[in-house]
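Comments concern the structure below.
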Amino acid sequence: MRFLWGRKQMREITCFSCGFVHQAPAEAQSSQCPRCSGYISLQDYEIAEAWNRRIQTRGNVVILKTGHVSGITIQCHHLTVLGELAGSVDCSGNLIIRSHGKILGKVNCDQLRVEKGAKVEFLNPVSARSAYIDGQVRGQISCSGPVTLEKRARLQGLVRTTSLVVKSGAKHTGTIEMVRPSA
């Protein structure tokens, strides 16, 4: 009986139109903003082939090893890249990169994770709350929180951050700007 009257799992979502943050049931496929009445997709995507259609969802997106995304903007919650990505990214959650390649567009996410063995070049600035790097990265990274370089990390480029953790064996070539945390 507890199943019937148990508390529903909720998730926090942000409206694409007005930026209002509200709650929606975790199992929902879409929502409507209580402030502006805008439609918000919560659909998850798994991309296994060539894809060139814009994605705007507060669900999660996975680009599989056989997937290739180019020339579009992906707006989602979490994005995991196992294949190829040549576009812009705006994630309210994590951007996890486990492959090789160049990301041509702007990148904005909560946490950037470049996993072991990945090799990525960002051609435009990356803006994140925090970054965890265990692969090879080339580009400009700005974080309002910490940047962590694991022992296999190779980072080339400008890093703006409030704190930098460099584990033994990690290498950075470029400029580091330490900034004050925003209030």
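Please note that chains go A, B, ... in the order of the structure tokens, that every chain numbers its residues from 1, and that ligands are numbered from 1 in the order shown.
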Checklist entry - If you run DSSP on this backbone, which residues of range 20-135 of chain A come out as strand (DSSP E or B), and could you give them as a ChimeraX atom specification? => result /A:21-25,30-32,39-41,45-47,50-51,55-56,61-63,68-76,79-81,84-91,94-97,100-103,107-114,119-122,126-133
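Within 10 Å of range 133-135 of chain A there are Ile97, Arg98, Ser99, His100, Leu112, Arg113, Val114, Glu115, Lys116, Gly117, Ala118, Lys119, Val120, Val147, Thr148, Leu149, Glu150, Lys151, Arg152, Ala153, Arg154, Leu155, Val166 and Ala170 of chain A, counting only C-alpha atoms and ignoring same-chain residues fewer than 3 positions away.
Closest approach to Lys106 in chain A from the set A:Asp90, A:Glu121, A:Glu177, A:Glu84 is made by A:Asp90, with distances taken over only C-alpha atoms.
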Item to check | For CA of Met178 in chain A and CA of Leu164 in chain A, the interatomic separation in Å (one decimal) | outcome: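 These atoms are spaced 8.3 Å apart.
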Next on the checklist: List as a list in words the protein and nucleic acid residues near Leu85 in chain A, meaning an atom at most 9 Å away when only C-alpha atoms are counted, but skip any in the same chain fewer than 3 places from it.
Outcome noted: Ile63, Gly67, His68, Val69, Ser70, Gly71, Val81, Leu82, Ser88, Gly101, Lys102, Ile103 and Leu104 of chain A
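With CA of Pro181 in chain A on one side and CA of Ser17 in chain A on the other, the separation reads 27.8 Å.
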Item to check | Long-range neighbours of Pro34 in chain A as a list of chain:residue names, 10 Å cut-off, only C-alpha atoms, 2 positions minimum in chain | outcome: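 Selected residues are A:Cys15, A:Phe20, A:Val21, A:His22, A:Gln23, A:Ser31, A:Gln32, A:Cys36, A:Ser37, A:Gly38, A:Tyr39.
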Item to check | Residue contacts of Leu95 in chain A (8 Å, only C-alpha atoms) excluding same-chain residues fewer than 4 positions away, as a list of chain:residue names | outcome: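 Result of the neighbour search: A:His78, A:Leu79, A:Thr80, A:Val81, A:Cys91, A:Cys109, A:Asp110, A:Gln111, A:Leu112, A:Arg113.
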Next on the checklist: For range 142-146 of chain A, find every residue with an atom within 9 Å (counting only C-alpha atoms), except residues of its own chain fewer than 6 positions away, and show them as a list in words.
Outcome noted: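 Close residues of range 142-146 of chain A: Gln111, Pro125, Val126, Ser127, Ala128, Arg129, Ser130, Ala131, Tyr132, Leu158, Val159, Arg160, Thr161, Thr162, Ser163, Leu164, Val165, Val179, Arg180, Pro181 and Ser182 of chain A.
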Checklist entry - Which of these residues is nearest to Gly87 in chain A, using only C-alpha atoms: A:Gln156, A:Asn60, A:Gln136, A:Asn124? => result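 Nearest to Gly87 in chain A: A:Asn124.
One finds CA of Gly19 in chain A at 24.0 Å from CA of Val62 in chain A.
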Checklist entry - Which residue gives the smallest distance to Gln43 in chain A among A:Arg11, A:His77, A:Ile72, A:Leu64, with only C-alpha atoms counted? => result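 Closest residue, counting only C-alpha atoms: A:His77.
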